[in-house]
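Coordinates as given in protein.cif (mmCIF, C-alpha atoms):
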data_input
#
loop_
_atom_site.label_atom_id
_atom_site.label_comp_id
_atom_site.auth_asym_id
_atom_site.auth_seq_id
_atom_site.Cartn_x
_atom_site.Cartn_y
_atom_site.Cartn_z
CA THR A 27 -17.25 62.83 3.59
CA ALA A 28 -19.70 62.89 0.70
CA ASN A 29 -20.77 59.35 1.58
CA THR A 30 -21.51 59.90 5.25
CA LEU A 31 -24.49 61.47 6.98
CA LEU A 32 -22.98 62.88 10.16
CA SER A 33 -25.24 62.99 13.21
CA LEU A 34 -23.31 64.51 16.09
CA ARG A 35 -24.72 63.59 19.47
CA ILE A 36 -23.79 66.88 21.09
CA GLY A 37 -24.78 68.66 17.90
CA HIS A 38 -28.39 67.46 17.95
CA VAL A 39 -29.51 71.07 18.38
CA ALA A 40 -33.20 70.23 18.67
CA LEU A 41 -35.60 67.43 17.85
CA SER A 42 -37.19 69.68 15.23
CA CYS A 43 -33.90 69.75 13.30
CA LEU A 44 -33.82 65.96 13.24
CA ARG A 45 -37.37 65.90 11.90
CA GLU A 46 -36.47 68.43 9.23
CA GLY A 47 -33.47 66.31 8.25
CA SER A 48 -35.63 63.22 8.01
CA ALA A 49 -38.12 65.05 5.80
CA ALA A 50 -35.31 66.20 3.52
CA LEU A 51 -33.97 62.67 3.21
CA SER A 52 -37.38 61.31 2.25
CA GLY A 53 -37.11 63.05 -1.13
CA LYS A 54 -34.70 62.37 -3.97
CA ALA A 55 -31.74 62.32 -1.61
CA GLY A 56 -33.31 59.43 0.26
CA ALA A 57 -32.36 56.97 -2.45
CA LYS A 58 -28.70 57.85 -1.98
CA VAL A 59 -28.82 57.15 1.73
CA ARG A 60 -29.08 53.43 0.99
CA ARG A 61 -25.40 53.63 0.09
CA GLN A 62 -24.37 55.63 3.13
CA ALA A 63 -23.18 54.77 6.60
CA MET A 64 -24.09 56.80 9.67
CA LEU A 65 -21.66 58.20 12.24
CA ASP A 66 -22.73 59.19 15.74
CA ALA A 67 -20.03 61.03 17.70
CA ILE A 68 -19.82 61.62 21.43
CA SER A 69 -19.25 63.95 24.33
CA GLN A 70 -16.64 62.88 26.88
CA ARG A 71 -16.96 64.02 30.50
CA ARG A 72 -19.71 66.60 30.91
CA PRO A 73 -23.31 65.41 31.28
CA GLU A 74 -25.01 64.17 28.12
CA VAL A 75 -28.28 66.05 28.11
CA ALA A 76 -30.38 64.48 25.34
CA TYR A 77 -30.52 60.70 25.59
CA TYR A 78 -34.10 60.82 24.37
CA LEU A 79 -32.84 61.64 20.88
CA MET A 80 -30.94 58.38 20.43
CA ARG A 81 -34.01 56.44 19.36
CA GLU A 82 -35.21 59.23 17.06
CA LYS A 83 -31.89 59.33 15.23
CA ILE A 84 -31.58 55.57 14.84
CA ARG A 85 -35.16 55.38 13.56
CA THR A 86 -34.39 58.16 11.08
CA PHE A 87 -31.42 56.16 9.81
CA ARG A 88 -33.52 53.00 9.54
CA ASP A 89 -36.43 54.74 7.82
CA ASN A 90 -34.06 56.18 5.24
CA HIS A 91 -32.47 52.81 4.44
CA ALA A 92 -29.05 53.34 6.02
CA ILE A 93 -26.82 50.32 5.59
CA GLY A 94 -25.14 50.82 8.94
CA VAL A 95 -24.81 53.03 12.01
CA PHE A 96 -21.47 53.69 13.66
CA GLU A 97 -21.80 54.71 17.31
CA GLU A 98 -18.45 56.04 18.48
CA ALA A 99 -19.23 55.59 22.20
CA GLN A 100 -16.56 56.02 24.88
CA TYR A 101 -13.45 54.52 23.38
CA GLN A 102 -10.70 56.55 25.08
CA SER A 103 -10.82 55.20 28.63
CA ALA A 104 -13.01 54.10 31.50
CA ALA A 105 -15.28 56.43 33.46
CA GLY A 106 -16.76 58.22 30.49
CA GLU A 107 -20.06 59.97 30.96
CA PHE A 108 -22.59 57.11 31.57
CA CYS A 109 -20.57 55.04 29.08
CA GLU A 110 -21.93 51.69 30.29
CA LEU A 111 -25.51 52.97 30.13
CA ARG A 112 -25.03 54.42 26.66
CA ALA A 113 -23.49 51.22 25.28
CA TRP A 114 -26.32 49.09 26.70
CA VAL A 115 -29.13 51.38 25.50
CA LEU A 116 -27.61 51.83 22.06
CA ALA A 117 -27.17 48.07 21.65
CA HIS A 118 -30.87 47.55 22.35
CA LEU A 119 -31.95 50.43 20.09
CA LEU A 120 -29.82 49.15 17.21
CA TRP A 121 -31.51 45.77 17.61
CA ASP A 122 -34.97 47.30 17.99
CA PRO A 123 -35.25 51.00 17.04
CA ASP A 124 -38.84 51.06 18.31
CA ALA A 125 -37.86 50.14 21.86
CA ASP A 126 -38.70 52.75 24.50
CA THR A 127 -35.60 54.69 25.57
CA ASP A 128 -36.95 55.62 29.00
CA THR A 129 -37.76 51.99 29.78
CA LEU A 130 -34.28 50.88 28.72
CA VAL A 131 -32.59 53.58 30.79
CA ARG A 132 -34.59 52.79 33.92
CA ASP A 133 -33.99 49.06 33.50
CA PHE A 134 -30.23 49.58 33.29
CA ILE A 135 -29.95 52.08 36.13
CA SER A 136 -32.03 49.96 38.51
CA GLY A 137 -29.94 46.88 37.79
CA TYR A 138 -26.49 48.47 37.60
CA TYR A 139 -26.39 50.99 40.44
CA GLY A 140 -28.06 48.90 43.13
CA ALA A 141 -29.03 50.78 46.27
CA ALA A 142 -27.84 54.05 44.71
CA ALA A 143 -30.15 53.65 41.70
CA PRO A 144 -33.00 55.98 42.83
CA CYS A 145 -30.62 58.92 43.27
CA ILE A 146 -28.79 58.13 40.03
CA GLN A 147 -32.13 58.01 38.21
CA ALA A 148 -33.11 61.36 39.73
CA TYR A 149 -29.81 62.86 38.58
CA PHE A 150 -30.24 61.40 35.09
CA ASP A 151 -33.77 62.82 34.85
CA LEU A 152 -32.51 66.19 36.06
CA SER A 153 -29.83 66.32 33.35
CA GLN A 154 -32.36 65.37 30.66
CA SER A 155 -34.69 68.15 31.77
CA LEU A 156 -32.12 70.75 30.71
CA VAL A 157 -32.89 70.32 26.99
CA ARG A 158 -36.20 71.36 25.47
CA GLU A 159 -37.53 71.65 21.92
CA ASP A 160 -36.09 75.17 21.55
CA THR A 161 -32.64 74.37 23.00
CA HIS A 162 -29.79 74.95 20.57
CA PHE A 163 -26.05 74.40 20.77
CA GLY A 164 -23.37 73.37 18.32
CA ILE A 165 -21.15 70.34 18.02
CA TYR A 166 -19.90 70.80 21.58
CA CYS A 167 -21.94 71.78 24.60
CA LYS A 168 -19.23 73.61 26.52
CA GLU A 169 -18.82 73.64 30.28
CA ASP A 170 -19.92 77.29 30.45
CA ASP A 171 -23.12 76.71 28.47
CA PRO A 172 -26.08 78.44 30.19
CA ILE A 173 -27.95 75.15 30.51
CA PHE A 174 -25.44 74.14 33.22
CA SER A 175 -26.69 76.65 35.76
CA ASP A 176 -25.53 77.05 39.35
CA GLU A 177 -28.92 75.68 40.42
CA PHE A 178 -28.41 72.57 38.31
CA LEU A 179 -24.93 72.01 39.75
CA ALA A 180 -26.18 72.40 43.32
CA GLU A 181 -29.09 69.98 42.83
CA ALA A 182 -26.95 67.49 40.91
CA THR A 183 -24.25 67.57 43.58
CA ALA A 184 -26.79 66.91 46.33
CA LEU A 185 -28.33 63.98 44.45
CA LEU A 186 -24.98 62.35 43.75
CA ASP A 187 -23.79 62.87 47.33
CA ARG A 188 -26.91 61.01 48.47
CA ALA A 189 -26.26 58.31 45.87
CA ARG A 190 -22.78 57.76 47.27
CA GLU A 191 -24.16 57.52 50.82
CA ALA A 192 -26.74 54.97 49.65
CA ALA A 193 -24.23 52.76 47.82
CA ALA A 194 -24.15 49.35 49.48
CA SER A 195 -20.75 48.11 48.29
CA PRO A 196 -17.36 49.37 47.10
CA ARG A 197 -18.36 48.54 43.53
CA GLU A 198 -21.52 50.63 43.78
CA ARG A 199 -19.55 53.54 45.26
CA ASP A 200 -17.07 53.32 42.41
CA GLU A 201 -19.87 53.41 39.86
CA VAL A 202 -21.43 56.42 41.60
CA ASP A 203 -18.05 58.16 41.62
CA LYS A 204 -17.81 57.66 37.87
CA VAL A 205 -21.09 59.56 37.55
CA ARG A 206 -19.92 62.20 40.04
CA LEU A 207 -16.92 62.82 37.82
CA GLN A 208 -19.30 64.56 35.38
CA ILE A 209 -20.19 67.22 37.94
CA LEU A 210 -16.69 67.47 39.38
CA PHE A 211 -15.46 68.16 35.84
CA LEU A 212 -18.09 70.83 35.26
CA LYS A 213 -17.42 72.56 38.58
CA THR A 214 -13.66 72.44 38.07
CA MET A 215 -13.80 73.88 34.56
CA ARG A 216 -16.39 76.54 35.40
CA ASP A 217 -14.71 77.86 38.55
CA LYS A 218 -11.00 77.15 38.62
CA ASP A 219 -10.19 79.22 41.69
CA GLY A 220 -13.17 77.94 43.65
CA SER A 221 -12.43 74.30 42.79
CA LEU A 222 -8.84 74.71 44.00
CA LYS A 223 -10.03 76.12 47.33
CA ASP A 224 -12.94 73.82 48.17
CA GLY A 225 -11.34 70.47 47.29
CA THR A 226 -13.28 69.88 44.07
CA PHE A 227 -10.13 69.99 41.94
CA ALA A 228 -8.28 67.59 44.24
CA GLU A 229 -11.12 65.04 44.16
CA PHE A 230 -11.46 65.47 40.40
CA CYS A 231 -7.75 64.71 39.93
CA SER A 232 -7.92 61.75 42.31
CA LEU A 233 -10.74 60.09 40.38
CA VAL A 234 -9.15 60.79 37.01
CA ARG A 235 -5.94 59.11 38.19
CA LYS A 236 -7.84 56.22 39.78
CA TRP A 237 -9.32 55.14 36.44
CA ASP A 238 -6.62 56.59 34.19
CA VAL A 239 -9.23 58.74 32.47
CA GLU A 240 -8.29 60.37 29.19
CA MET A 241 -9.76 63.86 29.38
CA GLN A 242 -8.99 64.99 25.86
CA GLU A 243 -7.88 63.32 22.65
CA GLY A 244 -4.22 63.92 21.94
CA ARG A 245 -3.34 65.08 25.47
CA ASN A 246 -2.54 63.13 28.61
CA PHE A 247 -3.91 64.40 31.91
CA THR A 248 -0.84 66.51 32.70
CA GLN A 249 -1.07 68.17 29.31
CA PHE A 250 -4.80 68.71 29.77
CA LEU A 251 -4.20 70.46 33.11
CA GLU A 252 -1.40 72.61 31.74
CA HIS A 253 -3.44 73.55 28.67
CA ASN A 254 -6.30 74.74 30.89
CA GLY A 255 -4.09 76.61 33.36
CA PHE A 256 -4.35 74.23 36.32
CA PRO A 257 -1.50 73.21 38.63
CA VAL A 258 -0.22 69.68 38.09
CA PRO A 259 -0.42 67.55 41.26
CA ALA A 260 2.70 65.71 42.32
CA GLY A 261 2.99 62.27 40.79
CA ASN A 262 0.60 63.06 37.95
CA PRO A 263 1.33 61.15 34.71
#

Step by step, read the file and then write its structure as C-alpha cells.
Amino acid sequence: TANTLLSLRIGHVALSCLREGSAALSGKAGAKVRRQAMLDAISQRRPEVAYYLMREKIRTFRDNHAIGVFEEAQYQSAAGEFCELRAWVLAHLLWDPDADTDTLVRDFISGYYGAAAPCIQAYFDLSQSLVREDTHFGIYCKEDDPIFSDEFLAEATALLDRAREAAASPRERDEVDKVRLQILFLKTMRDKDGSLKDGTFAEFCSLVRKWDVEMQEGRNFTQFLEHNGFPVPAGNP
C-alpha cells in the first residue's frame, strides 16, 4: 500500500540496492517514513541465502524512523527453512539492530543443534556463500535458480548426512531432518524423475507428513503434489 515500505526477504536483490534505498529515504521521503510500518516477507522451504541482510534492513528501518517492523516469519507450519533460527535472530536484531548477525547465528546453532552443530554451521555458511554483491533475483528465488548448482547440492547433502550421523539424540536428529528438508525439496523440484528413482521423493514426502508441513499457501500437500505433476503417495492428506 501507499503507507508501507515493502522489503521482501527473497527480493533483497543485492546489498547495494538496500543502500540505494536507504539513501533515497534520507531525503524528503524520509520524513514520511515516520508514519510507515515495515513488512518483511519470507521464503518457505528452499534455503534462505542472505541472512546477513537482516541486520542491514532493520537498521535501515530504524535509521529512517520506522514506527514498526513486521517480520512475517514461518507462520504456516513447523519445519520451515531454519524457522527457529530466524525467529531467534530477528528477535535479537529487533531489540538491538547493531548486534552482530554472525555471532547470533553461531550462538543459536551451537546451542540448538548439539552434536550436529558443526555440520549444520558448515551447511549454513555454504548456503550464505551463494549470494554476493552482484547477485540478483526477484521476489522468489526459484528452485531452478543457477545459484543452486549441482555442486552446491552435492556438498550440502554430504554435510547434512554427516550432521544426521553426529546427532546424539532423537530430538537432534529431528532438528537435522528439518534442515535436510530444504535440500530434499530442492532436489525433488529440480529433478522429478531422479527423485522418484533414488528415494529422495519418498523421504521428502515422509518428512512433510511427519510434521504436517504446508508446502504452499492455499494448497494442501496432495494439491501441491498434483499441481507440480508428482504422484500422490497412498494415505496422503

Worksheet item: So which one's closest to Met215 (chain A), A:Leu152, A:Ile93, A:Ala141, A:Met241? Using only C-alpha atoms, please.
Response: A:Met241

Discussion item. As a check of understanding, name the residues that the PyMOL selection byres ((chain A and resi 125) around 12) selects in the supplied structure, as a PyMOL selection string.
Written reply: chain A and resi 78+80-82+84-85+115-124+126-131

Worksheet entry | Computed interatomic separation between CA of Asn90 (chain A) and CA of Cys109 (chain A) (Å) |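 It comes out at 27.4 Å.
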
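Near Leu186 (chain A), within 8 Å and counting only C-alpha atoms, sit Cys145, Ile146, Tyr149, Val202, Val205 and Arg206 of chain A, not including residues fewer than 5 positions from it in the same chain.
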
Practice prompt. Determine the nearest neighbour of Ala142 (chain A) from the options A:Phe108, A:Ala113, A:Asp187, A:Asp160, counting all atoms listed in the file.
Written response: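 Using all atoms listed in the file, Ala142 (chain A) sits closest to A:Asp187.
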
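Between CA of Leu251 (chain A) and CA of Arg112 (chain A) the separation is 27.1 Å.
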
Practice prompt. With a distance cut-off of 10 Å and all atoms listed in the file, select the neighbouring residues of Gln147 (chain A), excluding the residue or stretch itself and same-chain residues fewer than 2 positions from it, and output the selection as a list in words.
Written response: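 In the requested format, the answer is Val131, Arg132, Phe134, Ile135, Ser136, Tyr139, Ala142, Ala143, Pro144, Cys145, Tyr149, Phe150, Asp151, Leu152, Ser153, Leu185 and Ala189 of chain A.
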
Item to complete: Mind giving me the straight-line distance from CA of Pro259 (chain A) to CA of Asp200 (chain A) in Å, one decimal?
Response: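 About the pair CA of Pro259 (chain A) and CA of Asp200 (chain A): they are 21.9 Å apart.
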
Worksheet entry | For Phe256 (chain A), the nearest of the candidates A:Ala182, A:Ala192, A:Ala148, A:Leu222, counting all atoms listed in the file |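 Selected residue with least distance to Phe256 (chain A): A:Leu222.
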